[in-house]
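protein-v4.csv follows; it contains CSV, C-alpha atoms and all ligand atoms.
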```
chain,number,residue,atom,x,y,z
K,1,MET,CA,32.8,-6.8,-6.3
K,2,SER,CA,33.9,-10.4,-5.7
K,3,SER,CA,32.1,-13.1,-7.7
K,4,SER,CA,32.6,-15.8,-5.1
K,5,SER,CA,29.8,-16.7,-2.8
K,6,GLU,CA,30.2,-17.7,0.8
K,7,TYR,CA,26.9,-19.6,0.7
K,8,THR,CA,26.3,-22.8,-1.2
K,9,PRO,CA,22.6,-23.7,-1.2
K,10,PRO,CA,21.9,-27.2,0.2
K,11,THR,CA,20.0,-29.7,-2.0
K,12,VAL,CA,16.8,-29.1,-0.1
K,13,TRP,CA,15.9,-25.7,1.5
K,14,THR,CA,14.8,-25.8,5.1
K,15,TRP,CA,13.3,-23.1,7.2
K,16,LYS,CA,15.5,-21.7,9.9
K,17,GLN,CA,13.3,-19.6,12.2
K,18,GLY,CA,14.9,-16.1,12.3
K,19,ASN,CA,16.3,-16.1,8.8
K,20,GLY,CA,13.8,-13.4,7.8
K,21,GLY,CA,15.8,-10.6,9.3
K,22,ARG,CA,13.6,-7.7,10.5
K,23,PHE,CA,10.4,-9.7,9.7
K,24,ALA,CA,11.6,-13.0,11.1
K,25,ASN,CA,8.8,-13.1,13.6
K,26,ILE,CA,6.0,-13.0,10.9
K,27,ASN,CA,7.6,-14.7,7.9
K,28,ARG,CA,6.8,-18.3,7.5
K,29,PRO,CA,7.0,-20.7,4.5
K,30,ILE,CA,3.3,-21.8,5.0
K,31,ALA,CA,0.0,-20.1,4.6
K,32,GLY,CA,-3.2,-20.3,6.7
K,33,ALA,CA,-4.4,-19.1,10.1
K,34,THR,CA,-2.2,-19.5,13.2
K,35,HIS,CA,-4.9,-18.7,15.7
K,36,GLN,CA,-8.6,-18.1,16.1
K,37,LYS,CA,-9.5,-14.4,16.2
K,38,GLU,CA,-12.7,-12.6,15.5
K,39,LEU,CA,-12.5,-9.3,13.7
K,40,PRO,CA,-14.5,-6.3,14.9
K,41,VAL,CA,-17.4,-5.1,12.8
K,42,GLY,CA,-18.5,-1.5,12.7
K,43,LYS,CA,-21.6,0.3,11.6
K,44,HIS,CA,-20.7,1.2,8.1
K,45,PRO,CA,-21.3,-0.8,4.8
K,46,LEU,CA,-17.5,-1.2,4.2
K,47,GLN,CA,-15.2,-2.8,6.7
K,48,LEU,CA,-11.5,-2.3,6.0
K,49,TYR,CA,-8.9,-4.3,7.8
K,50,SER,CA,-5.6,-2.6,7.1
K,51,LEU,CA,-2.4,-0.7,8.1
K,52,GLY,CA,-1.0,2.6,6.8
K,53,THR,CA,1.6,1.1,4.6
K,54,PRO,CA,1.7,2.1,0.9
K,55,ASN,CA,-0.6,-0.8,0.0
K,56,GLY,CA,-3.0,0.2,2.7
K,57,VAL,CA,-2.9,3.9,1.9
K,58,LYS,CA,-4.1,3.1,-1.7
K,59,VAL,CA,-7.5,2.0,-0.3
K,60,THR,CA,-8.0,4.7,2.3
K,61,VAL,CA,-7.2,7.4,-0.3
K,62,MET,CA,-9.7,5.8,-2.6
K,63,LEU,CA,-12.4,5.7,0.1
K,64,GLU,CA,-11.7,9.3,1.1
K,65,GLU,CA,-11.9,10.4,-2.5
K,66,LEU,CA,-15.2,8.6,-3.0
K,67,LEU,CA,-16.6,10.3,0.1
K,68,ALA,CA,-15.3,13.6,-1.1
K,69,LEU,CA,-17.3,13.1,-4.3
K,70,GLY,CA,-20.4,12.6,-2.2
K,71,HIS,CA,-20.7,8.8,-2.3
K,72,SER,CA,-22.1,8.1,1.2
K,73,GLY,CA,-22.1,4.4,0.4
K,74,ALA,CA,-18.4,4.5,0.7
K,75,GLU,CA,-18.6,5.2,4.5
K,76,TYR,CA,-16.2,2.8,6.1
K,77,ASP,CA,-14.8,1.5,9.3
K,78,ALA,CA,-11.0,1.2,9.2
K,79,TRP,CA,-9.6,-1.3,11.7
K,80,LEU,CA,-6.0,-1.6,12.5
K,81,ILE,CA,-4.2,-4.8,11.6
K,82,LYS,CA,-0.8,-5.0,13.4
K,83,ILE,CA,1.2,-7.1,11.0
K,84,GLY,CA,4.2,-7.1,13.3
K,85,ASP,CA,2.0,-8.8,15.9
K,86,GLY,CA,0.7,-11.4,13.4
K,87,ASP,CA,-2.9,-10.1,13.3
K,88,GLN,CA,-2.9,-11.1,9.6
K,89,PHE,CA,-2.8,-14.7,10.6
K,90,GLY,CA,-6.0,-14.6,12.7
K,91,SER,CA,-8.8,-16.9,11.5
K,92,ASP,CA,-11.3,-14.1,10.6
K,93,PHE,CA,-8.6,-12.2,8.7
K,94,VAL,CA,-7.5,-15.2,6.7
K,95,ALA,CA,-11.2,-15.9,5.8
K,96,ILE,CA,-11.2,-12.5,4.1
K,97,ASN,CA,-7.7,-12.7,2.7
K,98,PRO,CA,-6.2,-16.2,2.4
K,99,ASN,CA,-2.9,-14.5,1.5
K,100,SER,CA,-2.7,-13.0,5.0
K,101,LYS,CA,-1.7,-9.5,3.9
K,102,ILE,CA,-3.3,-6.1,4.4
K,103,PRO,CA,-5.4,-4.5,2.9
K,104,ALA,CA,-8.6,-6.6,3.1
K,105,LEU,CA,-12.1,-5.3,2.6
K,106,LEU,CA,-15.5,-6.7,3.5
K,107,ASP,CA,-18.5,-5.1,1.7
K,108,ARG,CA,-21.5,-5.7,3.9
K,109,SER,CA,-23.9,-3.5,2.0
K,110,GLY,CA,-25.6,-6.4,0.1
K,111,PRO,CA,-27.5,-9.5,1.3
K,112,LYS,CA,-24.3,-11.5,1.5
K,113,PRO,CA,-20.9,-10.0,2.5
K,114,ILE,CA,-18.4,-9.7,-0.3
K,115,ARG,CA,-14.7,-10.1,0.5
K,116,VAL,CA,-12.0,-8.4,-1.6
K,117,PHE,CA,-8.3,-8.7,-1.2
K,118,GLU,CA,-5.3,-7.4,-3.1
K,119,SER,CA,-5.2,-3.6,-3.2
K,120,GLY,CA,-5.5,-3.5,-7.0
K,121,ALA,CA,-8.6,-5.6,-6.9
K,122,ILE,CA,-10.1,-3.5,-4.1
K,123,LEU,CA,-9.5,-0.3,-6.1
K,124,VAL,CA,-11.2,-1.8,-9.2
K,125,TYR,CA,-14.1,-3.1,-7.0
K,126,LEU,CA,-14.7,0.3,-5.5
K,127,ALA,CA,-14.3,2.1,-8.8
K,128,GLU,CA,-16.9,-0.1,-10.4
K,129,LYS,CA,-19.2,-0.1,-7.4
K,130,PHE,CA,-19.3,3.7,-7.4
K,131,GLY,CA,-18.6,4.4,-11.0
K,132,ALA,CA,-15.7,6.7,-10.2
K,133,PHE,CA,-11.9,7.0,-11.0
K,134,LEU,CA,-12.0,4.3,-13.7
K,135,PRO,CA,-12.9,5.5,-17.2
K,136,THR,CA,-15.5,3.6,-19.1
K,137,GLU,CA,-14.3,4.7,-22.6
K,138,PRO,CA,-12.2,1.7,-23.8
K,139,ALA,CA,-9.0,3.4,-24.6
K,140,ALA,CA,-8.9,5.5,-21.4
K,141,ARG,CA,-9.9,2.4,-19.4
K,142,ALA,CA,-7.2,0.3,-20.9
K,143,GLU,CA,-4.6,3.0,-20.2
K,144,CYS,CA,-5.7,3.3,-16.6
K,145,LEU,CA,-5.8,-0.4,-16.0
K,146,SER,CA,-2.4,-0.8,-17.6
K,147,TRP,CA,-0.8,1.6,-15.2
K,148,LEU,CA,-2.7,0.0,-12.3
K,149,PHE,CA,-1.3,-3.4,-13.2
K,150,TRP,CA,2.1,-1.9,-13.8
K,151,GLN,CA,2.1,-0.8,-10.2
K,152,MET,CA,1.0,-4.1,-8.9
K,153,GLY,CA,3.8,-5.9,-10.8
K,154,SER,CA,6.5,-3.3,-10.3
K,155,ALA,CA,6.2,-2.3,-6.6
K,156,PRO,CA,7.4,-5.7,-5.3
K,157,TYR,CA,10.8,-4.9,-6.9
K,158,LEU,CA,10.8,-1.6,-5.0
K,159,GLY,CA,9.5,-2.8,-1.7
K,160,GLY,CA,10.5,-6.5,-1.5
K,161,GLY,CA,13.6,-5.9,-3.5
K,162,PHE,CA,15.2,-2.5,-3.1
K,163,GLY,CA,13.5,-1.5,0.2
K,164,HIS,CA,14.2,-4.8,1.8
K,165,PHE,CA,17.9,-5.0,0.9
K,166,TYR,CA,18.7,-1.3,1.3
K,167,ALA,CA,16.8,-0.7,4.6
K,168,TYR,CA,15.8,-3.9,6.3
K,169,ALA,CA,18.1,-6.9,5.5
K,170,PRO,CA,20.4,-7.8,8.4
K,171,VAL,CA,23.4,-7.6,6.1
K,172,LYS,CA,24.1,-5.1,3.3
K,173,ILE,CA,24.6,-7.1,0.1
K,174,GLU,CA,26.1,-4.9,-2.7
K,175,TYR,CA,24.8,-7.2,-5.5
K,176,ALA,CA,21.2,-7.1,-4.2
K,177,ILE,CA,21.2,-3.4,-3.6
K,178,ASP,CA,22.8,-2.7,-7.0
K,179,ARG,CA,20.3,-4.9,-8.8
K,180,PHE,CA,17.2,-3.4,-7.2
K,181,ALA,CA,18.4,0.2,-7.1
K,182,MET,CA,18.9,-0.1,-10.9
K,183,GLU,CA,15.4,-1.5,-11.3
K,184,THR,CA,13.9,1.1,-9.0
K,185,LYS,CA,15.6,4.0,-10.9
K,186,ARG,CA,14.4,2.4,-14.2
K,187,GLN,CA,10.8,2.4,-12.8
K,188,LEU,CA,11.1,6.0,-11.6
K,189,ASP,CA,12.2,6.9,-15.2
K,190,VAL,CA,9.3,5.0,-16.7
K,191,LEU,CA,6.9,7.1,-14.6
K,192,ASP,CA,8.8,10.3,-15.2
K,193,ARG,CA,8.6,9.9,-19.0
K,194,ARG,CA,4.9,9.1,-18.9
K,195,LEU,CA,4.2,12.1,-16.7
K,196,ALA,CA,6.2,14.3,-19.1
K,197,GLU,CA,3.5,13.6,-21.7
K,198,SER,CA,0.4,13.3,-19.5
K,199,GLU,CA,-1.0,15.1,-16.5
K,200,TYR,CA,-1.9,11.9,-14.8
K,201,LEU,CA,-0.9,8.3,-15.5
K,202,GLY,CA,-4.1,7.3,-17.3
K,203,GLY,CA,-4.4,10.6,-19.2
K,204,ALA,CA,-5.9,13.9,-18.4
K,205,ASP,CA,-7.9,12.6,-15.4
K,206,TYR,CA,-7.0,11.4,-11.9
K,207,THR,CA,-7.8,7.7,-11.7
K,208,ILE,CA,-7.2,4.6,-9.6
K,209,ALA,CA,-3.9,4.2,-11.4
K,210,ASP,CA,-2.7,7.4,-9.7
K,211,ILE,CA,-4.2,6.3,-6.4
K,212,ALA,CA,-2.3,3.0,-6.6
K,213,VAL,CA,1.1,4.5,-7.7
K,214,TRP,CA,1.2,7.6,-5.5
K,215,PRO,CA,1.7,5.9,-2.1
K,216,TRP,CA,4.7,3.9,-3.5
K,217,TYR,CA,6.4,6.1,-6.1
K,218,GLY,CA,5.1,9.4,-4.9
K,219,GLY,CA,6.2,8.4,-1.4
K,220,LEU,CA,9.6,7.5,-2.7
K,221,ALA,CA,9.9,10.7,-4.6
K,222,LYS,CA,9.0,12.7,-1.5
K,223,GLY,CA,11.5,10.9,0.7
K,224,TRP,CA,8.9,9.0,2.8
K,225,LEU,CA,10.3,5.5,2.0
K,226,TYR,CA,13.4,3.7,3.2
K,227,GLY,CA,15.4,6.9,3.8
K,228,ALA,CA,16.6,6.5,0.2
K,229,ALA,CA,15.8,9.9,-1.4
K,230,GLU,CA,19.4,11.0,-1.7
K,231,PHE,CA,20.7,7.5,-2.6
K,232,LEU,CA,18.3,7.3,-5.6
K,233,GLN,CA,18.5,11.1,-6.4
K,234,VAL,CA,14.7,11.3,-6.5
K,235,GLN,CA,14.7,15.1,-7.0
K,236,ASP,CA,15.9,14.5,-10.6
K,237,TYR,CA,12.5,13.0,-11.6
K,238,LYS,CA,10.9,16.4,-12.2
K,239,ASN,CA,7.6,15.2,-13.8
K,240,LEU,CA,7.1,12.6,-11.1
K,241,GLN,CA,7.8,15.3,-8.5
K,242,ARG,CA,5.1,17.6,-10.0
K,243,TRP,CA,2.6,14.8,-10.1
K,244,ALA,CA,3.4,13.6,-6.5
K,245,ASP,CA,3.0,17.2,-5.2
K,246,ARG,CA,-0.3,17.6,-7.1
K,247,ILE,CA,-1.8,14.5,-5.5
K,248,GLY,CA,-0.3,15.3,-2.2
K,249,ASP,CA,-2.3,18.6,-2.2
K,250,ARG,CA,-5.6,16.7,-2.4
K,251,PRO,CA,-7.3,16.8,1.0
K,252,ALA,CA,-8.6,13.2,0.4
K,253,ALA,CA,-5.1,12.0,-0.2
K,254,GLN,CA,-3.9,13.7,2.9
K,255,ARG,CA,-6.7,12.1,5.0
K,256,GLY,CA,-6.1,8.7,3.4
K,257,ARG,CA,-2.5,8.8,4.4
K,258,MET,CA,-3.5,9.3,8.1
K,259,VAL,CA,-5.8,6.3,8.4
K,260,ASN,CA,-4.3,3.2,10.1
K,261,ARG,CA,-1.0,5.1,10.3
K,262,VAL,CA,1.2,4.0,13.2
K,263,GLN,CA,4.3,6.1,12.7
K,264,GLY,CA,5.3,9.7,12.2
K,265,ASP,CA,3.9,12.8,14.0
K,266,LEU,CA,1.2,11.8,16.5
K,267,SER,CA,-1.1,14.4,14.8
K,268,SER,CA,-0.8,12.4,11.5
K,269,GLN,CA,-1.8,9.1,13.0
K,270,LEU,CA,-5.4,8.0,13.0
K,271,HIS,CA,-5.2,4.4,14.1
K,272,GLU,CA,-8.8,3.6,13.4
K,273,ARG,CA,-11.3,5.6,11.4
K,274,HIS,CA,-15.1,5.2,12.0
K,275,ASP,CA,-16.3,8.7,11.2
K,276,ALA,CA,-15.3,11.7,9.2
K,277,ALA,CA,-15.0,13.7,12.4
K,278,ASP,CA,-12.3,11.2,13.7
K,279,PHE,CA,-9.7,13.2,11.7
K,280,GLU,CA,-10.3,16.2,14.0
K,281,THR,CA,-10.8,14.4,17.3
K,282,LYS,CA,-9.2,10.9,17.3
K,283,THR,CA,-5.6,11.4,16.0
K,284,GLN,CA,-3.0,10.1,18.5
K,285,ASP,CA,-1.9,13.6,19.7
K,286,LYS,CA,-5.6,14.1,20.8
K,287,LEU,CA,-6.0,10.7,22.3
K,288,THR,CA,-2.7,10.6,24.2
K,289,GLY,CA,-2.5,14.4,24.9
K,290,GLY,CA,0.9,14.3,23.2
I,301,LIG,N1,-0.1,-7.5,-3.4
I,301,LIG,C1,-0.6,-7.2,-2.1
I,301,LIG,C2,0.5,-6.9,-1.2
I,301,LIG,C3,0.0,-6.6,0.2
I,301,LIG,C4,1.2,-6.6,1.2
I,301,LIG,O1,2.3,-6.9,0.8
I,301,LIG,N2,0.9,-6.2,2.4
I,301,LIG,C5,1.9,-6.2,3.4
I,301,LIG,C6,2.0,-4.8,4.1
I,301,LIG,S1,2.3,-3.6,2.9
I,301,LIG,C7,1.5,-7.2,4.5
I,301,LIG,O2,0.4,-7.3,4.9
I,301,LIG,N3,2.5,-7.9,5.1
I,301,LIG,C8,2.3,-8.9,6.1
I,301,LIG,C9,3.0,-10.2,5.9
I,301,LIG,O3,3.6,-10.3,4.8
I,301,LIG,O4,2.8,-11.1,6.7
I,301,LIG,C10,-1.6,-6.0,-2.3
I,301,LIG,O5,-1.3,-5.1,-3.1
I,301,LIG,O6,-2.6,-6.0,-1.5
```
Would you write out, as structure tokens, the structure that this file holds?
Amino acid sequence: MSSSSEYTPPTVWTWKQGNGGRFANINRPIAGATHQKELPVGKHPLQLYSLGTPNGVKVTVMLEELLALGHSGAEYDAWLIKIGDGDQFGSDFVAINPNSKIPALLDRSGPKPIRVFESGAILVYLAEKFGAFLPTEPAARAECLSWLFWQMGSAPYLGGGFGHFYAYAPVKIEYAIDRFAMETKRQLDVLDRRLAESEYLGGADYTIADIAVWPWYGGLAKGWLYGAAEFLQVQDYKNLQRWADRIGDRPAAQRGRMVNRVQGDLSSQLHERHDAADFETKTQDKLTGG
């Protein structure tokens, strides 16, 4: 690979609209709302504004798991936020998440609505609210939170680094793909070694650490992300594969993956979820007759 660069950065960076490649229409160097937009509010205590990406799926899996445990207070309305259309820059959404990214949660069960943004914070909030999927014993709790925060810190290298340069960037840059493929494989090995010694990431029990990691690294292991399964030889991570399959067998994980999903089989897409029965009656194949 040549060490010369065709690009010399100018003294001061300026924004050229369109330099974001596939996401040029939504990427901006400033924060804040671009337009006034009210968000819909449904009948349930929890209002989720999201999309079925790995970060969104963490929360819908958690909510479906809580409901499966019998926590009726976890009933939720899941509204679709179309990030490609810029819905995350609407005024009501920005009031819930000033960072303009899905997922965003509004808990309306108390006297004053509580906003929660950042998928990791949402998982901890829900786990504490319902006393589930987050151990209380200090050592187990520390292990669970360590893996949860590992995910939050690591996945941007997978998504924003590897995924972006391998699948989305308008030019294939060998240096960038090499750098992030190496880091992604290192992360897969971190997980594989942990799962060689432990059934789940936090220990013997399924926790929010697994719920956070599964949509990203389980998804990568199962070939759902970036068309990169062969490139990264994901089948070699045997312990990760076992863990990903085990979680994928959980009905709540299967339901969670369907919510706010806008790609794949029409029967797997439940654009909005307002009722448990929606999984049977409101998937896109049923709504469109497809
Ligand atoms: N650290 C955040 C990341 C959220 C995130 O990156 N969301 C993406 C979709 S997966 C998004 O909303 N992107 C829209 C944008 O960047 O404008 C979290 O875990 O909640």
- Message: Give me the residues near Arg246 (chain K) as a PyMOL selection string, where near means some atom within 12 Å (using all atoms listed in the file) and where sequence neighbours in that chain fewer than 2 positions away do not count.
- Response: chain K and resi 195+199-200+206+210-211+214+218+222+239-244+248-251+253-254
Per residue of chain K within 10 Å of ligand LIG 301 (chain I), note the shortest atom pair and the distance in Å to one decimal, counting all atoms listed in the file, and order the rows by chain and increasing residue number, as JSON lines.
```
{"residue": "K:Phe23", "atom": "CA", "partner": "I:LIG301", "partner_atom": "O4", "distance": 8.3}
{"residue": "K:Asn25", "atom": "CA", "partner": "I:LIG301", "partner_atom": "O4", "distance": 9.4}
{"residue": "K:Ile26", "atom": "CA", "partner": "I:LIG301", "partner_atom": "O4", "distance": 5.6}
{"residue": "K:Asn27", "atom": "CA", "partner": "I:LIG301", "partner_atom": "O4", "distance": 6.1}
{"residue": "K:Arg28", "atom": "CA", "partner": "I:LIG301", "partner_atom": "O4", "distance": 8.3}
{"residue": "K:Ala31", "atom": "CA", "partner": "I:LIG301", "partner_atom": "O4", "distance": 9.7}
{"residue": "K:Ser50", "atom": "CA", "partner": "I:LIG301", "partner_atom": "O2", "distance": 7.9}
{"residue": "K:Leu51", "atom": "CA", "partner": "I:LIG301", "partner_atom": "C6", "distance": 7.2}
{"residue": "K:Gly52", "atom": "CA", "partner": "I:LIG301", "partner_atom": "S1", "distance": 8.0}
{"residue": "K:Thr53", "atom": "CA", "partner": "I:LIG301", "partner_atom": "S1", "distance": 5.0}
{"residue": "K:Pro54", "atom": "CA", "partner": "I:LIG301", "partner_atom": "S1", "distance": 6.1}
{"residue": "K:Asn55", "atom": "CA", "partner": "I:LIG301", "partner_atom": "S1", "distance": 5.0}
{"residue": "K:Gly56", "atom": "CA", "partner": "I:LIG301", "partner_atom": "S1", "distance": 6.5}
{"residue": "K:Val57", "atom": "CA", "partner": "I:LIG301", "partner_atom": "S1", "distance": 9.2}
{"residue": "K:Lys58", "atom": "CA", "partner": "I:LIG301", "partner_atom": "O5", "distance": 8.8}
{"residue": "K:Val59", "atom": "CA", "partner": "I:LIG301", "partner_atom": "O6", "distance": 9.5}
{"residue": "K:Ile81", "atom": "CA", "partner": "I:LIG301", "partner_atom": "O2", "distance": 8.5}
{"residue": "K:Lys82", "atom": "CA", "partner": "I:LIG301", "partner_atom": "C8", "distance": 8.8}
{"residue": "K:Ile83", "atom": "CA", "partner": "I:LIG301", "partner_atom": "C8", "distance": 5.3}
{"residue": "K:Gly84", "atom": "CA", "partner": "I:LIG301", "partner_atom": "C8", "distance": 7.7}
{"residue": "K:Asp85", "atom": "CA", "partner": "I:LIG301", "partner_atom": "O4", "distance": 9.5}
{"residue": "K:Gly86", "atom": "CA", "partner": "I:LIG301", "partner_atom": "O4", "distance": 7.0}
{"residue": "K:Asp87", "atom": "CA", "partner": "I:LIG301", "partner_atom": "O4", "distance": 8.8}
{"residue": "K:Gln88", "atom": "CA", "partner": "I:LIG301", "partner_atom": "O4", "distance": 6.4}
{"residue": "K:Phe89", "atom": "CA", "partner": "I:LIG301", "partner_atom": "O4", "distance": 7.7}
{"residue": "K:Asn97", "atom": "CA", "partner": "I:LIG301", "partner_atom": "O6", "distance": 9.4}
{"residue": "K:Asn99", "atom": "CA", "partner": "I:LIG301", "partner_atom": "O3", "distance": 8.4}
{"residue": "K:Ser100", "atom": "CA", "partner": "I:LIG301", "partner_atom": "O4", "distance": 6.1}
{"residue": "K:Lys101", "atom": "CA", "partner": "I:LIG301", "partner_atom": "O2", "distance": 3.2}
{"residue": "K:Ile102", "atom": "CA", "partner": "I:LIG301", "partner_atom": "O2", "distance": 3.9}
{"residue": "K:Pro103", "atom": "CA", "partner": "I:LIG301", "partner_atom": "O6", "distance": 5.4}
{"residue": "K:Ala104", "atom": "CA", "partner": "I:LIG301", "partner_atom": "O6", "distance": 7.6}
{"residue": "K:Val116", "atom": "CA", "partner": "I:LIG301", "partner_atom": "O6", "distance": 9.7}
{"residue": "K:Phe117", "atom": "CA", "partner": "I:LIG301", "partner_atom": "O6", "distance": 6.3}
{"residue": "K:Glu118", "atom": "CA", "partner": "I:LIG301", "partner_atom": "O6", "distance": 3.4}
{"residue": "K:Ser119", "atom": "CA", "partner": "I:LIG301", "partner_atom": "O6", "distance": 3.9}
{"residue": "K:Gly120", "atom": "CA", "partner": "I:LIG301", "partner_atom": "O5", "distance": 6.0}
{"residue": "K:Ala121", "atom": "CA", "partner": "I:LIG301", "partner_atom": "O6", "distance": 8.1}
{"residue": "K:Ile122", "atom": "CA", "partner": "I:LIG301", "partner_atom": "O6", "distance": 8.3}
{"residue": "K:Leu123", "atom": "CA", "partner": "I:LIG301", "partner_atom": "O5", "distance": 10.0}
{"residue": "K:Gln151", "atom": "CA", "partner": "I:LIG301", "partner_atom": "O5", "distance": 9.0}
{"residue": "K:Met152", "atom": "CA", "partner": "I:LIG301", "partner_atom": "O5", "distance": 6.3}
{"residue": "K:Gly153", "atom": "CA", "partner": "I:LIG301", "partner_atom": "N1", "distance": 8.5}
{"residue": "K:Ala155", "atom": "CA", "partner": "I:LIG301", "partner_atom": "O5", "distance": 8.7}
{"residue": "K:Pro156", "atom": "CA", "partner": "I:LIG301", "partner_atom": "N1", "distance": 7.9}
{"residue": "K:Gly159", "atom": "CA", "partner": "I:LIG301", "partner_atom": "S1", "distance": 8.6}
{"residue": "K:Gly160", "atom": "CA", "partner": "I:LIG301", "partner_atom": "O1", "distance": 8.5}
{"residue": "K:Ala212", "atom": "CA", "partner": "I:LIG301", "partner_atom": "O5", "distance": 8.9}
```
- Can you pull out every residue within 7 Å of region 269-282 of chain K, counting only C-alpha atoms, but drop anything in the same chain fewer than 5 positions away, and send it as a ChimeraX atom specification? /K:76-80,258-263,287
- Item | Test item: residues at most 8 Å from region 182-192 of chain K, only C-alpha atoms, excluding those fewer than 6 positions along its chain, as a ChimeraX atom specification | /K:154,157-158,162,201,217,232,237-240
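For Gly202 (chain K), the list of residues within 10 Å, based on only C-alpha atoms and with local chain neighbours fewer than 4 positions off taken out, reads K:Leu134, K:Pro135, K:Ala139, K:Ala140, K:Arg141, K:Ala142, K:Glu143, K:Cys144, K:Leu145, K:Ser146, K:Trp147, K:Leu148, K:Arg194, K:Leu195, K:Ser198, K:Tyr206, K:Thr207, K:Ile208, K:Ala209, K:Asp210.
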- Item | Straight-line distance linking CA of Ser267 (chain K) with CA of Gly290 (chain K), stated in Å to one decimal |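 Computed distance, CA of Ser267 (chain K) to CA of Gly290 (chain K), equals 8.6 Å.
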- Query: K:Gly70, K:Pro45, K:Gly90, K:Gly131: which is nearest Arg108 (chain K), counting all atoms listed in the file?
  - Reply: K:Pro45
- Task: Can you work out which one of K:Leu46, K:Ala228, K:Glu75, K:Phe133 has the shortest atom-to-atom distance to Gly110 (chain K), counting only C-alpha atoms?
- Result: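 Checking each candidate against Gly110 (chain K), we get K:Leu46 as the closest.
With CA of Val61 (chain K) on one side and CA of Thr136 (chain K) on the other, the separation reads 20.9 Å.
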Pull region 201-241 of chain K out of the block and emit C-alpha atoms, as a PDB file, in the first residue's frame.
```pdb
ATOM      1  CA  LEU K 201     -21.260 -12.169  29.183  1.00  0.00           C
ATOM      2  CA  GLY K 202     -22.005 -11.213  32.781  1.00  0.00           C
ATOM      3  CA  GLY K 203     -21.783 -14.790  34.076  1.00  0.00           C
ATOM      4  CA  ALA K 204     -24.297 -17.604  34.372  1.00  0.00           C
ATOM      5  CA  ASP K 205     -27.316 -15.361  33.779  1.00  0.00           C
ATOM      6  CA  TYR K 206     -28.662 -13.487  30.763  1.00  0.00           C
ATOM      7  CA  THR K 207     -28.443  -9.737  31.454  1.00  0.00           C
ATOM      8  CA  ILE K 208     -28.566  -6.321  29.814  1.00  0.00           C
ATOM      9  CA  ALA K 209     -24.940  -6.912  28.784  1.00  0.00           C
ATOM     10  CA  ASP K 210     -26.095  -9.697  26.447  1.00  0.00           C
ATOM     11  CA  ILE K 211     -29.069  -7.626  25.317  1.00  0.00           C
ATOM     12  CA  ALA K 212     -26.720  -4.780  24.343  1.00  0.00           C
ATOM     13  CA  VAL K 213     -24.060  -6.884  22.643  1.00  0.00           C
ATOM     14  CA  TRP K 214     -26.294  -9.341  20.772  1.00  0.00           C
ATOM     15  CA  PRO K 215     -27.765  -7.028  18.093  1.00  0.00           C
ATOM     16  CA  TRP K 216     -24.261  -5.844  17.165  1.00  0.00           C
ATOM     17  CA  TYR K 217     -21.864  -8.759  17.568  1.00  0.00           C
ATOM     18  CA  GLY K 218     -24.467 -11.534  17.457  1.00  0.00           C
ATOM     19  CA  GLY K 219     -25.762  -9.850  14.309  1.00  0.00           C
ATOM     20  CA  LEU K 220     -22.276  -9.721  12.833  1.00  0.00           C
ATOM     21  CA  ALA K 221     -21.703 -13.380  13.744  1.00  0.00           C
ATOM     22  CA  LYS K 222     -24.955 -14.372  12.055  1.00  0.00           C
ATOM     23  CA  GLY K 223     -24.186 -12.414   8.875  1.00  0.00           C
ATOM     24  CA  TRP K 224     -26.836  -9.740   9.382  1.00  0.00           C
ATOM     25  CA  LEU K 225     -24.479  -6.748   9.235  1.00  0.00           C
ATOM     26  CA  TYR K 226     -22.586  -5.202   6.315  1.00  0.00           C
ATOM     27  CA  GLY K 227     -22.462  -8.415   4.221  1.00  0.00           C
ATOM     28  CA  ALA K 228     -19.162  -9.054   5.980  1.00  0.00           C
ATOM     29  CA  ALA K 229     -19.516 -12.582   7.396  1.00  0.00           C
ATOM     30  CA  GLU K 230     -17.086 -14.172   4.948  1.00  0.00           C
ATOM     31  CA  PHE K 231     -14.667 -11.235   4.945  1.00  0.00           C
ATOM     32  CA  LEU K 232     -14.357 -11.462   8.734  1.00  0.00           C
ATOM     33  CA  GLN K 233     -14.646 -15.296   8.850  1.00  0.00           C
ATOM     34  CA  VAL K 234     -17.198 -15.010  11.622  1.00  0.00           C
ATOM     35  CA  GLN K 235     -17.895 -18.762  11.696  1.00  0.00           C
ATOM     36  CA  ASP K 236     -14.525 -19.246  13.444  1.00  0.00           C
ATOM     37  CA  TYR K 237     -15.783 -17.610  16.651  1.00  0.00           C
ATOM     38  CA  LYS K 238     -17.448 -20.762  17.942  1.00  0.00           C
ATOM     39  CA  ASN K 239     -18.353 -19.585  21.445  1.00  0.00           C
ATOM     40  CA  LEU K 240     -19.786 -16.376  20.075  1.00  0.00           C
ATOM     41  CA  GLN K 241     -21.815 -18.412  17.580  1.00  0.00           C
TER      42      GLN K 241
END
```
